[in-house]
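Below you'll find the structure, written out as structure tokens, and then a few comments.
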Amino acid sequence: MRAATKPFLCFVALLVGVELVVRVFFARGMSGRFDYGYHPTAGFVEQADGTVRLERAGGRRFFPQHFARERPADTFRIFVIGDSVARGTSVASSYAGQLGEMLRLRGVKAESYNLALPGFGARRKRLVLEQALNYQPSLVILHINGSNEFEDEREWRRREEFRGWHPRNWLMKSLVIRRLYEMKTERVYWEWLPASVRSQRTVSDADAEVQASINPEKNRRWDELLRQQTAVSVRLAREQGVKVLLVAQAGVGKSPEGTPCLDDNALDALATELRGPSVATLSMKETLARHDWAPLYADGAHLRPTGHRLLAEALVLQLVEAGFIPAVVK
Amino acid sequence: MSFTSWSYPFFLIAVVLLYWRLPLRGRMTFLLVASYGFYGVWDVRFLALLLTSTCIDYYCGRAIVGERASPRQVFAAASLPLLWLGGLQLITLHSVVSPWVLALAAGFPLGFTAIYQALWQGDEARQRRAFLLLSILTNLVVLGFFKYFNFFGSSLLSLAGQLGFTPGWTLPIIILPVAISFYTFQSIAYSVDIYRGKAQPARDLLTFAAYLSFFPQLVAGPIERPNDLLPQFTKAAEFNWEHIHRGLRLLLIGAFKKIFVADNCALLANHVFNGQADLNAPWAMIGVVAFAFQIYGDFSGYTDLARGSARLLGIHLNANFRFPYAARGPSDFWTRWHITLSAWFRDYVYIPLGGNRGGPARTVGNLWVTMLLAGLWHGASWVFVLWGAYHAALLTLYRFVPWLRHLEQVEPPAPAAASTSPPSAKRAGVRGRAALASAVMFTFTLLGWAVFRAPNLSGLGDWLAAFANWAPVADAWLKPAGWLALHVVPLLLLQWATRHTGDEVELPDWPWFARGLIFALLLLAIASSAVSEQEFIYFQF
């Protein structure tokens with residue numbers, strides 16, 4: 001009996017061969033699963049017909065949407081970049097979708113896309129924005145929220161761990177295995193299994209998140225990171241001549257008397273700080289405070305569709321006030 | 001350490017490389033250290049329990065054949081658990097072991113030596129019986145205490161509560177040591193086979209300790225007989241590349257069954273049986289089929305990984321599965337499913353009870369006792385008892401309903417005959433009846449798995465009730481059914497390809513390039529699912 005038998009040699013040759021083929025011909029177009037949301041292009045699929053498809057890929061769970069790579073003339077293109085609050089439960093019910101609808105009713109030739117992703121903090125939102133700027137937006141609505149910096153940091157750590165040399169990740173160093181895994185995850189696992197089944201594999205870091213959130217040093221660092229990254233995002237958009245509207249998140253907090261109140265966690269101040277030429281702001285706190293706000297929330301942070309509608313209405317007014325769209329359209 | 005953890009391949013490679021370089025004695029010592037290290041990753045404290053079992057069964061085994069050890073030897077060996085626990089306490093500088101366990105370990109050397117000496121009284125037959133009983137009883141007491149104390153204790157407390165008695169104290173929670181169900185059964189088989197004259201005792205404590213703790217099969221079997229495994233520990237295996245090739249094939253197939261089939265089917269089975277899903281009939285069906293392949297992939301995958309690991313060391317372990325879902329009846333099923341356990345119950349429970357020698361009523365009684373115990377062996381829960389009862393009822397049904405009995409006895413035409421003689425209506429009829437028999441038995445098996453998997457009786461009721469609901473529910477079932485097929489069909493194709501050999505590892509009739517391609521596809525299938533480390537189901541038993 002020899003050390004290497006024919007089937008074994010065939011097995012090795014096949015694996016090496018397929019690996020080489022994938023490395024030579026299919027190295028591009030990775031979905032970015034192991035970039036944990038830090039992949040520059042994951043989720044944006046540029047198609048041969050000149051359109052861009054937004055899809056779930058890697059760490060990015062975009063709502064499926066598509067648009068022309070080149071913005072049509074006279075079209076007011078809006079990208080809403082944010083986290084789960086801005087994302088809502090569907091494109092149509094989110095403020096991104098409702099805003100587009102309202103603008104079209106006003107006669108503006110508008111297209112509005114929801115590029116918000118759950119759990120995305122300032123760093124990953126900036127990456128989405130960088131890619132979105134390639135598609136000539138007229139306006140970027142950046143939803144500022146300070147509650148996702150833990151996730152950004154955790155996902156970055158995972159990404160770095162994956163790139164390291166821990167034996168746990170050795171299999172995925174093979175491009176063919178990684179591609180196969182990604183394909184199965186993106187095209188089968190996510191497509192074929194309902195959320196209630198997939199949720200079993202959801203990693204719950206709730207305890208770690210709570211622990212981190214009560215650490216003043218971490219909070220200070222995250223606040224600084226949020227400020228810095230948001231400023232970079234605004235600058236990048238302005239450098240390309242794109243208008244920006246910052247929406248400052250407000251959630252349900254507690255007043256010193258212990259009663260529920262709207263709490264902006266100092267985000268209004270941050271937005272105001274960044275306001276300037278071609279940069280407008282909208283305070284969720286001020287907007288919702290004019291209404292019976294409690295029923296608008298599904299939980300302490302996320303809005304129901306009615307809440308999204310109010311925000312969309314306020315955004316229209318803000319766009320007019322900032323001069324981003326004309327007050328009256330013929 | 002789990003077979004599917006990232007660290008296991010490194011551990012195994014290191015063990016294999018060193019093992020083949022050592023002489024026999026060195027191999028035994030090395031295997032013992034490796035096995036204790038492997039087990040200690042779960043909980044080092046329970047190594048003391050394994051040492052205790054080793055000591056008792058080794059000296060009982062030798063005593064059964066009339067070989068008496070000096071009290072000093074017995075005392076020294078019986079002190080090992082105490083030394084281990086004391087050492088742990090000293091090294092960790094923490095109280096990792098409770099005082100009453102330490103006290104028990106301290107009392108064990110004296111107690112065991114005294115009992116050992118006392119049992120040498122009387123005539124030889126009585127001595128042999130006494131040592132056999134000591135071995136069996138200590139194993140059963142250990143198993144009973146660690147596995148069933150919580151179950152029977154809480155059942156009794158609940159019963160007392162219903163009768164109006166509420167004690168002012170609570171029961172301690174006993175942790176179930178990994179592997180206890182398997183090594184206690186292997187120990188019992190060892191003592192009984194020596195008593196029956198079917199096996200010789202291990203020649204020294206080191207060999208026996210290495211035999212009982214052999215890491216590939218320690219945690220979840222196969223439950224080996226002394227005659228099959230022990231001789232392989234007393235005679236050094238010659239290195240042969242065949243060991244490595246077959247070992248690697250077994251590891252590949254085992255990983256495929258566990259990681260690709262079982263862990264992916266588990267998603268659907270857990271969804272259906274964990275009580276949070278909105279169920280209708282298709283979902284209930286998907287859930288139970290998914291569980292059937294989950295548990296098969298999980299346990300037979302574990303067995304293949306165990307057999308592959310052992311084979312890399314030149315040691316053969318028995319097969320535990322032989323295409324169980326092709327069984328044509330319950331008797332056939334139990335010769336295909338967890339073969340080493342069912343053979344254990346047959347040889348050490350059913351036959352000693354009288355087997356089928358005492359008329360139909362007695363036979364049925366013996367069947368029921370055996371199956372109820374087999375059910376309870378799987379876990380300390382009434383659901384497992386019910387599962388045992390279900391299989392006992394099935395065996396009874398097939399024994400007394402002529403149509404079913406004939407169905408089980410259908411023999412499909414041998415593959416050689418099928419290939420040489422022209423097709424005939426008669427052979428097609430036999431084949432059809434065999435397929436019908438397998439289909440009927442598979443349906444019964446599924447119902448049994450629903451009983452097994454249901455978290456409790458109310459969960460089982462919910463699952464059964466779902467068959468009355470054919471209306472759509474919140475989650476559509478068609479795509480999940482596709483997911484199930486995606487992970488089950490490759491296994492079925494592999495079984496079809498290996499149907500003549502009865503072992504998924506053997507593809508002798510296939511050309512070498514086809515075998516190479518199949519192995520490559522299996523590896524890619526594993527890699528497409530290999531991210532999370534899911535524990536094996538049978539570790540909990």
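Ordering of the structure tokens sets the chain letters (A, B, ...); residue numbers start at 1 within each chain; ligands are numbered from 1 in the order shown.
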**Item:** Within 7 Å of chain A: residues of chain B, using only C-alpha atoms, as a list in words
**Value:**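 The contacting residues on chain B are Trp6, Trp241, Glu242, Leu267, Leu268, His271, Asp475, Lys479, Pro480, Trp483, Trp512, Phe513, Arg515, Gly516, Leu517, Phe519, Ala520, Leu524, Ala527, Ser528 and Ser529 of chain B.
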Store the residues picked out above, limited to C-alpha atoms, as an mmCIF file, in the first residue's frame.
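Here's the written file out-v3.cif:
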```cif
data_model
loop_
_atom_site.group_PDB
_atom_site.id
_atom_site.type_symbol
_atom_site.label_atom_id
_atom_site.label_comp_id
_atom_site.auth_asym_id
_atom_site.auth_seq_id
_atom_site.Cartn_x
_atom_site.Cartn_y
_atom_site.Cartn_z
ATOM 1 C CA TRP B 6 -10.613 23.432 15.569
ATOM 2 C CA TRP B 241 -0.894 3.132 4.989
ATOM 3 C CA GLU B 242 -4.258 1.396 4.756
ATOM 4 C CA LEU B 267 -31.889 24.424 12.109
ATOM 5 C CA LEU B 268 -35.255 23.170 10.851
ATOM 6 C CA HIS B 271 -37.350 25.514 14.761
ATOM 7 C CA ASP B 475 -43.392 31.136 7.370
ATOM 8 C CA LYS B 479 -37.944 26.912 0.457
ATOM 9 C CA PRO B 480 -37.084 25.397 3.858
ATOM 10 C CA TRP B 483 -32.907 23.514 2.327
ATOM 11 C CA TRP B 512 -10.450 6.143 -8.893
ATOM 12 C CA PHE B 513 -11.227 9.543 -10.429
ATOM 13 C CA ARG B 515 -13.768 8.479 -5.836
ATOM 14 C CA GLY B 516 -11.386 11.427 -5.876
ATOM 15 C CA LEU B 517 -14.184 13.664 -7.157
ATOM 16 C CA PHE B 519 -14.102 13.043 -1.729
ATOM 17 C CA ALA B 520 -13.422 16.546 -3.049
ATOM 18 C CA LEU B 524 -16.362 21.281 -0.193
ATOM 19 C CA ALA B 527 -16.421 23.616 4.150
ATOM 20 C CA SER B 528 -19.603 25.316 2.944
ATOM 21 C CA SER B 529 -21.117 24.757 6.385
#
```
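Neighbouring residues of Val45 (chain A) at 7 Å or closer, counting only C-alpha atoms and skipping chain neighbours under 3 positions away, are Val52, Arg53 and Leu54 of chain A.
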Take the residues from that selection and put them in a file with N, CA and C atoms, as a PDB file, in the first residue's frame.
```
ATOM      1  N   VAL A  52     -27.553  49.465 -10.897  1.00  0.00           N
ATOM      2  CA  VAL A  52     -26.921  48.986  -9.661  1.00  0.00           C
ATOM      3  C   VAL A  52     -28.006  48.300  -8.847  1.00  0.00           C
ATOM      4  N   ARG A  53     -27.686  47.094  -8.431  1.00  0.00           N
ATOM      5  CA  ARG A  53     -28.657  46.372  -7.604  1.00  0.00           C
ATOM      6  C   ARG A  53     -28.177  46.398  -6.165  1.00  0.00           C
ATOM      7  N   LEU A  54     -29.106  46.741  -5.271  1.00  0.00           N
ATOM      8  CA  LEU A  54     -28.763  46.672  -3.841  1.00  0.00           C
ATOM      9  C   LEU A  54     -29.279  45.348  -3.327  1.00  0.00           C
TER      10      LEU A  54
END
```
**Request:** Find the distance between CA of Ala289 (chain A) and CA of Thr89 (chain A) and write it in Å to one decimal.
**Result:**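 Spanning CA of Ala289 (chain A) to CA of Thr89 (chain A) is a straight-line distance of 22.6 Å.
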**Contacts of Ile78 (chain A) at 12 Å (only C-alpha atoms; same-chain gap of 6+ positions) as number ranges by chain** = A: 67, 71, 95-101, 103, 108-115, 129, 132-133, 135-142, 242-245, 315, 319, 324-325
Include C-alpha atoms and write out the residues we just selected as a JSON list (two decimals), in the first residue's frame.
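Listing of part15.json after writing:
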```json
[["chain", "number", "residue", "atom", "x", "y", "z"],
["A", 67, "PHE", "CA", -31.22, 52.20, -9.74],
["A", 71, "ARG", "CA", -28.34, 59.48, -12.38],
["A", 95, "TYR", "CA", -39.02, 57.61, 5.77],
["A", 96, "ALA", "CA", -36.76, 57.08, 2.76],
["A", 97, "GLY", "CA", -39.59, 55.54, 0.78],
["A", 98, "GLN", "CA", -42.25, 57.94, 2.04],
["A", 99, "LEU", "CA", -40.07, 60.96, 1.34],
["A", 100, "GLY", "CA", -39.61, 59.91, -2.29],
["A", 101, "GLU", "CA", -43.33, 59.45, -2.63],
["A", 103, "LEU", "CA", -41.58, 64.60, -3.32],
["A", 108, "VAL", "CA", -40.22, 66.74, -7.93],
["A", 109, "LYS", "CA", -38.70, 64.09, -10.15],
["A", 110, "ALA", "CA", -37.24, 62.29, -7.18],
["A", 111, "GLU", "CA", -35.88, 58.86, -6.48],
["A", 112, "SER", "CA", -35.15, 57.91, -2.92],
["A", 113, "TYR", "CA", -33.25, 54.81, -1.79],
["A", 114, "ASN", "CA", -32.99, 53.24, 1.59],
["A", 115, "LEU", "CA", -29.35, 52.34, 2.21],
["A", 129, "LEU", "CA", -21.60, 56.62, 1.93],
["A", 132, "ALA", "CA", -23.00, 55.65, -2.62],
["A", 133, "LEU", "CA", -21.20, 58.82, -3.67],
["A", 135, "TYR", "CA", -23.74, 57.09, -8.02],
["A", 136, "GLN", "CA", -24.24, 60.86, -8.17],
["A", 137, "PRO", "CA", -26.69, 61.46, -5.36],
["A", 138, "SER", "CA", -28.30, 64.87, -5.20],
["A", 139, "LEU", "CA", -28.75, 64.50, -1.47],
["A", 140, "VAL", "CA", -27.49, 62.20, 1.21],
["A", 141, "ILE", "CA", -29.59, 61.90, 4.34],
["A", 142, "LEU", "CA", -27.32, 60.68, 7.10],
["A", 242, "VAL", "CA", -23.50, 66.54, -2.69],
["A", 243, "LYS", "CA", -25.97, 68.08, -0.30],
["A", 244, "VAL", "CA", -26.29, 66.52, 3.14],
["A", 245, "LEU", "CA", -29.14, 66.40, 5.60],
["A", 315, "LEU", "CA", -37.84, 66.29, 5.85],
["A", 319, "LEU", "CA", -35.46, 70.39, 2.17],
["A", 324, "PHE", "CA", -32.43, 71.83, -1.64],
["A", 325, "ILE", "CA", -35.70, 71.60, -3.53]]
```
**Request:** For region 318-330 of chain B, list every protein, DNA or RNA residue within 7 Å, evaluated using only C-alpha atoms, and leave out those in the same chain fewer than 5 positions away; present the list as a PyMOL selection string.
**Result:** chain B and resi 222+300+303+336-340+394-395+408+434+437-438+441-442+502-503
Output N, CA and C atoms for every residue in the selection just made, as a PDB file, in the first residue's frame.
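This went into out-v4.pdb:
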```pdb
ATOM      1  N   PRO B 222     -18.443   3.847  19.755  1.00  0.00           N
ATOM      2  CA  PRO B 222     -19.257   2.646  19.949  1.00  0.00           C
ATOM      3  C   PRO B 222     -18.886   1.915  21.253  1.00  0.00           C
ATOM      4  N   SER B 300     -24.148   9.000  13.639  1.00  0.00           N
ATOM      5  CA  SER B 300     -23.321   8.140  12.796  1.00  0.00           C
ATOM      6  C   SER B 300     -22.092   8.914  12.346  1.00  0.00           C
ATOM      7  N   THR B 303     -19.732   8.546  15.124  1.00  0.00           N
ATOM      8  CA  THR B 303     -19.154   7.199  15.118  1.00  0.00           C
ATOM      9  C   THR B 303     -18.069   7.082  14.050  1.00  0.00           C
ATOM     10  N   ARG B 336     -29.569  -2.098  12.791  1.00  0.00           N
ATOM     11  CA  ARG B 336     -28.921  -1.101  11.926  1.00  0.00           C
ATOM     12  C   ARG B 336     -28.649   0.202  12.661  1.00  0.00           C
ATOM     13  N   TRP B 337     -29.406   0.470  13.716  1.00  0.00           N
ATOM     14  CA  TRP B 337     -29.285   1.751  14.433  1.00  0.00           C
ATOM     15  C   TRP B 337     -28.563   1.514  15.755  1.00  0.00           C
ATOM     16  N   HIS B 338     -27.549   2.314  16.026  1.00  0.00           N
ATOM     17  CA  HIS B 338     -26.781   2.226  17.270  1.00  0.00           C
ATOM     18  C   HIS B 338     -26.559   0.743  17.623  1.00  0.00           C
ATOM     19  N   ILE B 339     -25.923   0.078  16.687  1.00  0.00           N
ATOM     20  CA  ILE B 339     -25.813  -1.383  16.746  1.00  0.00           C
ATOM     21  C   ILE B 339     -25.157  -1.848  18.044  1.00  0.00           C
ATOM     22  N   THR B 340     -24.126  -1.153  18.482  1.00  0.00           N
ATOM     23  CA  THR B 340     -23.408  -1.639  19.671  1.00  0.00           C
ATOM     24  C   THR B 340     -24.268  -1.496  20.928  1.00  0.00           C
ATOM     25  N   LEU B 394     -43.983  -1.107  18.923  1.00  0.00           N
ATOM     26  CA  LEU B 394     -43.744  -1.372  17.505  1.00  0.00           C
ATOM     27  C   LEU B 394     -43.239  -2.802  17.298  1.00  0.00           C
ATOM     28  N   LEU B 395     -42.301  -3.211  18.147  1.00  0.00           N
ATOM     29  CA  LEU B 395     -41.779  -4.582  18.048  1.00  0.00           C
ATOM     30  C   LEU B 395     -42.899  -5.594  18.298  1.00  0.00           C
ATOM     31  N   GLU B 408     -41.705  -7.301   7.082  1.00  0.00           N
ATOM     32  CA  GLU B 408     -40.343  -7.175   7.619  1.00  0.00           C
ATOM     33  C   GLU B 408     -39.440  -8.293   7.107  1.00  0.00           C
ATOM     34  N   ALA B 434     -40.193  -4.788  -0.625  1.00  0.00           N
ATOM     35  CA  ALA B 434     -39.102  -4.358   0.260  1.00  0.00           C
ATOM     36  C   ALA B 434     -39.116  -2.838   0.406  1.00  0.00           C
ATOM     37  N   ALA B 437     -41.945  -1.956   2.613  1.00  0.00           N
ATOM     38  CA  ALA B 437     -41.610  -2.258   4.009  1.00  0.00           C
ATOM     39  C   ALA B 437     -40.734  -1.156   4.598  1.00  0.00           C
ATOM     40  N   SER B 438     -39.745  -0.712   3.820  1.00  0.00           N
ATOM     41  CA  SER B 438     -38.851   0.350   4.309  1.00  0.00           C
ATOM     42  C   SER B 438     -39.626   1.654   4.505  1.00  0.00           C
ATOM     43  N   MET B 441     -41.748   1.377   7.636  1.00  0.00           N
ATOM     44  CA  MET B 441     -40.925   1.455   8.839  1.00  0.00           C
ATOM     45  C   MET B 441     -40.353   2.848   9.026  1.00  0.00           C
ATOM     46  N   PHE B 442     -40.007   3.510   7.921  1.00  0.00           N
ATOM     47  CA  PHE B 442     -39.481   4.868   8.034  1.00  0.00           C
ATOM     48  C   PHE B 442     -40.542   5.796   8.623  1.00  0.00           C
ATOM     49  N   GLY B 502     -22.690  -1.520   2.177  1.00  0.00           N
ATOM     50  CA  GLY B 502     -23.338  -1.283   3.475  1.00  0.00           C
ATOM     51  C   GLY B 502     -22.552  -0.316   4.348  1.00  0.00           C
ATOM     52  N   ASP B 503     -21.585   0.384   3.784  1.00  0.00           N
ATOM     53  CA  ASP B 503     -20.764   1.316   4.558  1.00  0.00           C
ATOM     54  C   ASP B 503     -20.463   2.514   3.667  1.00  0.00           C
TER      55      ASP B 503
END
```
Can you list every residue in region 102-264 of chain B that DSSP puts in helix (DSSP H, G or I), as a PDB file with C-alpha atoms, in the first residue's frame?
```pdb
ATOM      1  CA  LEU B 102     -13.040  14.571  48.757  1.00  0.00           C
ATOM      2  CA  ALA B 103     -14.278  12.663  51.804  1.00  0.00           C
ATOM      3  CA  LEU B 104     -15.774  10.009  49.544  1.00  0.00           C
ATOM      4  CA  ALA B 105     -12.538   9.722  47.596  1.00  0.00           C
ATOM      5  CA  ALA B 106     -10.611   9.479  50.874  1.00  0.00           C
ATOM      6  CA  GLY B 107     -12.847   6.683  52.079  1.00  0.00           C
ATOM      7  CA  PHE B 108     -12.776   4.795  48.810  1.00  0.00           C
ATOM      8  CA  PRO B 109      -9.317   3.128  49.080  1.00  0.00           C
ATOM      9  CA  LEU B 110     -10.085   1.694  52.484  1.00  0.00           C
ATOM     10  CA  GLY B 111     -13.649   0.752  51.667  1.00  0.00           C
ATOM     11  CA  PHE B 112     -12.839  -0.879  48.344  1.00  0.00           C
ATOM     12  CA  THR B 113      -9.852  -2.766  49.717  1.00  0.00           C
ATOM     13  CA  ALA B 114     -11.995  -4.076  52.590  1.00  0.00           C
ATOM     14  CA  ILE B 115     -14.805  -5.173  50.266  1.00  0.00           C
ATOM     15  CA  TYR B 116     -12.286  -6.702  47.874  1.00  0.00           C
ATOM     16  CA  GLN B 117     -10.764  -8.745  50.666  1.00  0.00           C
ATOM     17  CA  ALA B 118     -14.152  -9.741  52.071  1.00  0.00           C
ATOM     18  CA  GLU B 124     -14.914 -20.083  43.830  1.00  0.00           C
ATOM     19  CA  ALA B 125     -18.281 -19.806  42.075  1.00  0.00           C
ATOM     20  CA  ARG B 126     -19.569 -17.570  44.815  1.00  0.00           C
ATOM     21  CA  GLN B 127     -16.477 -15.405  44.682  1.00  0.00           C
ATOM     22  CA  ARG B 128     -16.801 -14.996  40.923  1.00  0.00           C
ATOM     23  CA  ARG B 129     -20.461 -14.065  41.237  1.00  0.00           C
ATOM     24  CA  ALA B 130     -19.711 -11.638  44.036  1.00  0.00           C
ATOM     25  CA  PHE B 131     -17.054  -9.796  42.036  1.00  0.00           C
ATOM     26  CA  LEU B 132     -19.299  -9.713  38.979  1.00  0.00           C
ATOM     27  CA  LEU B 133     -22.087  -8.230  41.076  1.00  0.00           C
ATOM     28  CA  LEU B 134     -19.731  -5.699  42.630  1.00  0.00           C
ATOM     29  CA  SER B 135     -18.630  -4.540  39.184  1.00  0.00           C
ATOM     30  CA  ILE B 136     -22.164  -4.357  37.794  1.00  0.00           C
ATOM     31  CA  LEU B 137     -23.643  -2.697  40.855  1.00  0.00           C
ATOM     32  CA  THR B 138     -20.963  -0.048  41.206  1.00  0.00           C
ATOM     33  CA  ASN B 139     -21.326   0.866  37.541  1.00  0.00           C
ATOM     34  CA  LEU B 140     -25.097   1.020  37.833  1.00  0.00           C
ATOM     35  CA  VAL B 141     -24.939   3.028  41.050  1.00  0.00           C
ATOM     36  CA  VAL B 142     -22.542   5.521  39.494  1.00  0.00           C
ATOM     37  CA  LEU B 143     -24.701   5.775  36.375  1.00  0.00           C
ATOM     38  CA  GLY B 144     -27.918   5.888  38.377  1.00  0.00           C
ATOM     39  CA  PHE B 145     -26.670   8.591  40.700  1.00  0.00           C
ATOM     40  CA  PHE B 146     -25.152  10.940  38.144  1.00  0.00           C
ATOM     41  CA  LYS B 147     -27.690  10.419  35.414  1.00  0.00           C
ATOM     42  CA  TYR B 148     -30.954   9.793  37.190  1.00  0.00           C
ATOM     43  CA  PHE B 149     -30.732  11.441  40.611  1.00  0.00           C
ATOM     44  CA  ASN B 150     -32.123  14.750  39.379  1.00  0.00           C
ATOM     45  CA  PHE B 151     -34.851  13.028  37.377  1.00  0.00           C
ATOM     46  CA  PHE B 152     -36.131  10.623  40.013  1.00  0.00           C
ATOM     47  CA  GLY B 153     -35.551  13.132  42.812  1.00  0.00           C
ATOM     48  CA  SER B 154     -37.601  15.841  41.131  1.00  0.00           C
ATOM     49  CA  SER B 155     -40.259  13.306  40.055  1.00  0.00           C
ATOM     50  CA  LEU B 156     -40.607  12.133  43.655  1.00  0.00           C
ATOM     51  CA  LEU B 157     -40.731  15.689  44.959  1.00  0.00           C
ATOM     52  CA  SER B 158     -43.387  16.546  42.412  1.00  0.00           C
ATOM     53  CA  LEU B 159     -45.404  13.495  43.426  1.00  0.00           C
ATOM     54  CA  ALA B 160     -44.994  14.393  47.087  1.00  0.00           C
ATOM     55  CA  GLY B 161     -46.169  17.908  46.297  1.00  0.00           C
ATOM     56  CA  GLN B 162     -49.297  16.546  44.653  1.00  0.00           C
ATOM     57  CA  ILE B 180     -20.685   8.113  31.729  1.00  0.00           C
ATOM     58  CA  SER B 181     -23.425   6.166  29.918  1.00  0.00           C
ATOM     59  CA  PHE B 182     -20.910   4.705  27.532  1.00  0.00           C
ATOM     60  CA  TYR B 183     -17.973   3.745  29.708  1.00  0.00           C
ATOM     61  CA  THR B 184     -20.162   2.252  32.432  1.00  0.00           C
ATOM     62  CA  PHE B 185     -21.836   0.014  29.821  1.00  0.00           C
ATOM     63  CA  GLN B 186     -18.476  -0.931  28.373  1.00  0.00           C
ATOM     64  CA  SER B 187     -17.253  -1.804  31.878  1.00  0.00           C
ATOM     65  CA  ILE B 188     -20.287  -3.970  32.534  1.00  0.00           C
ATOM     66  CA  ALA B 189     -19.768  -5.772  29.222  1.00  0.00           C
ATOM     67  CA  TYR B 190     -16.139  -6.345  30.225  1.00  0.00           C
ATOM     68  CA  SER B 191     -16.985  -7.960  33.562  1.00  0.00           C
ATOM     69  CA  VAL B 192     -19.899 -10.031  32.233  1.00  0.00           C
ATOM     70  CA  ASP B 193     -17.923 -11.347  29.267  1.00  0.00           C
ATOM     71  CA  ILE B 194     -15.074 -12.378  31.571  1.00  0.00           C
ATOM     72  CA  TYR B 195     -17.583 -14.064  33.862  1.00  0.00           C
ATOM     73  CA  LEU B 205      -4.024  -1.804  35.048  1.00  0.00           C
ATOM     74  CA  LEU B 206      -2.392   0.444  32.457  1.00  0.00           C
ATOM     75  CA  THR B 207      -3.791  -1.548  29.538  1.00  0.00           C
ATOM     76  CA  PHE B 208      -7.236  -1.649  31.097  1.00  0.00           C
ATOM     77  CA  ALA B 209      -7.181   2.079  31.856  1.00  0.00           C
ATOM     78  CA  ALA B 210      -6.148   2.805  28.257  1.00  0.00           C
ATOM     79  CA  TYR B 211      -8.881   0.449  27.000  1.00  0.00           C
ATOM     80  CA  LEU B 212     -11.641   2.025  29.076  1.00  0.00           C
ATOM     81  CA  PHE B 215     -10.424   8.768  23.512  1.00  0.00           C
ATOM     82  CA  PRO B 216     -12.011   8.133  20.102  1.00  0.00           C
ATOM     83  CA  GLN B 217     -14.853   6.101  21.575  1.00  0.00           C
ATOM     84  CA  LEU B 218     -14.877   7.296  25.167  1.00  0.00           C
ATOM     85  CA  PRO B 226     -13.541  -6.651  25.469  1.00  0.00           C
ATOM     86  CA  ASN B 227     -12.890  -9.339  22.886  1.00  0.00           C
ATOM     87  CA  ASP B 228     -13.049  -6.840  20.045  1.00  0.00           C
ATOM     88  CA  LEU B 229     -10.989  -4.031  21.495  1.00  0.00           C
ATOM     89  CA  LEU B 230      -8.771  -5.331  24.294  1.00  0.00           C
ATOM     90  CA  PRO B 231      -6.646  -7.653  22.128  1.00  0.00           C
ATOM     91  CA  GLN B 232      -5.800  -4.624  19.979  1.00  0.00           C
ATOM     92  CA  PHE B 233      -4.332  -3.014  23.081  1.00  0.00           C
ATOM     93  CA  THR B 234      -2.183  -6.000  23.953  1.00  0.00           C
ATOM     94  CA  TRP B 241      -0.894   3.132   4.989  1.00  0.00           C
ATOM     95  CA  GLU B 242      -4.258   1.396   4.756  1.00  0.00           C
ATOM     96  CA  HIS B 243      -4.878   2.475   8.362  1.00  0.00           C
ATOM     97  CA  ILE B 244      -4.261   6.082   7.392  1.00  0.00           C
ATOM     98  CA  HIS B 245      -6.300   5.987   4.189  1.00  0.00           C
ATOM     99  CA  ARG B 246      -9.287   4.345   5.749  1.00  0.00           C
ATOM    100  CA  GLY B 247      -9.004   6.531   8.836  1.00  0.00           C
ATOM    101  CA  LEU B 248      -9.004   9.685   6.730  1.00  0.00           C
ATOM    102  CA  ARG B 249     -11.970   8.477   4.676  1.00  0.00           C
ATOM    103  CA  LEU B 250     -13.904   7.785   7.854  1.00  0.00           C
ATOM    104  CA  LEU B 251     -13.022  11.230   9.203  1.00  0.00           C
ATOM    105  CA  LEU B 252     -14.154  12.848   5.954  1.00  0.00           C
ATOM    106  CA  ILE B 253     -17.467  11.005   5.864  1.00  0.00           C
ATOM    107  CA  GLY B 254     -18.023  11.588   9.580  1.00  0.00           C
ATOM    108  CA  ALA B 255     -17.404  15.320   9.263  1.00  0.00           C
ATOM    109  CA  PHE B 256     -19.702  15.444   6.233  1.00  0.00           C
ATOM    110  CA  LYS B 257     -22.526  13.760   8.139  1.00  0.00           C
ATOM    111  CA  LYS B 258     -22.081  15.907  11.210  1.00  0.00           C
ATOM    112  CA  ILE B 259     -21.274  19.325   9.782  1.00  0.00           C
ATOM    113  CA  PHE B 260     -23.085  19.305   6.470  1.00  0.00           C
ATOM    114  CA  VAL B 261     -26.075  17.077   7.155  1.00  0.00           C
ATOM    115  CA  ALA B 262     -26.795  17.146  10.877  1.00  0.00           C
ATOM    116  CA  ASP B 263     -26.000  20.743  11.772  1.00  0.00           C
ATOM    117  CA  ASN B 264     -27.982  22.115   8.844  1.00  0.00           C
TER     118      ASN B 264
END
```
**Message:** Give me the residues near Gly43 (chain A) as a ChimeraX atom specification, where near means some atom within 7 Å (using only C-alpha atoms) and where sequence neighbours in that chain fewer than 6 positions away do not count.
**Reply:** /A:54-57,60,62
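If you look at CA of Val369 (chain B) and CA of Tyr398 (chain B), they are 17.1 Å away from each other.
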**d(CA of Ala27 (chain A), CA of Leu175 (chain A)) in Å** = 7.6 Å
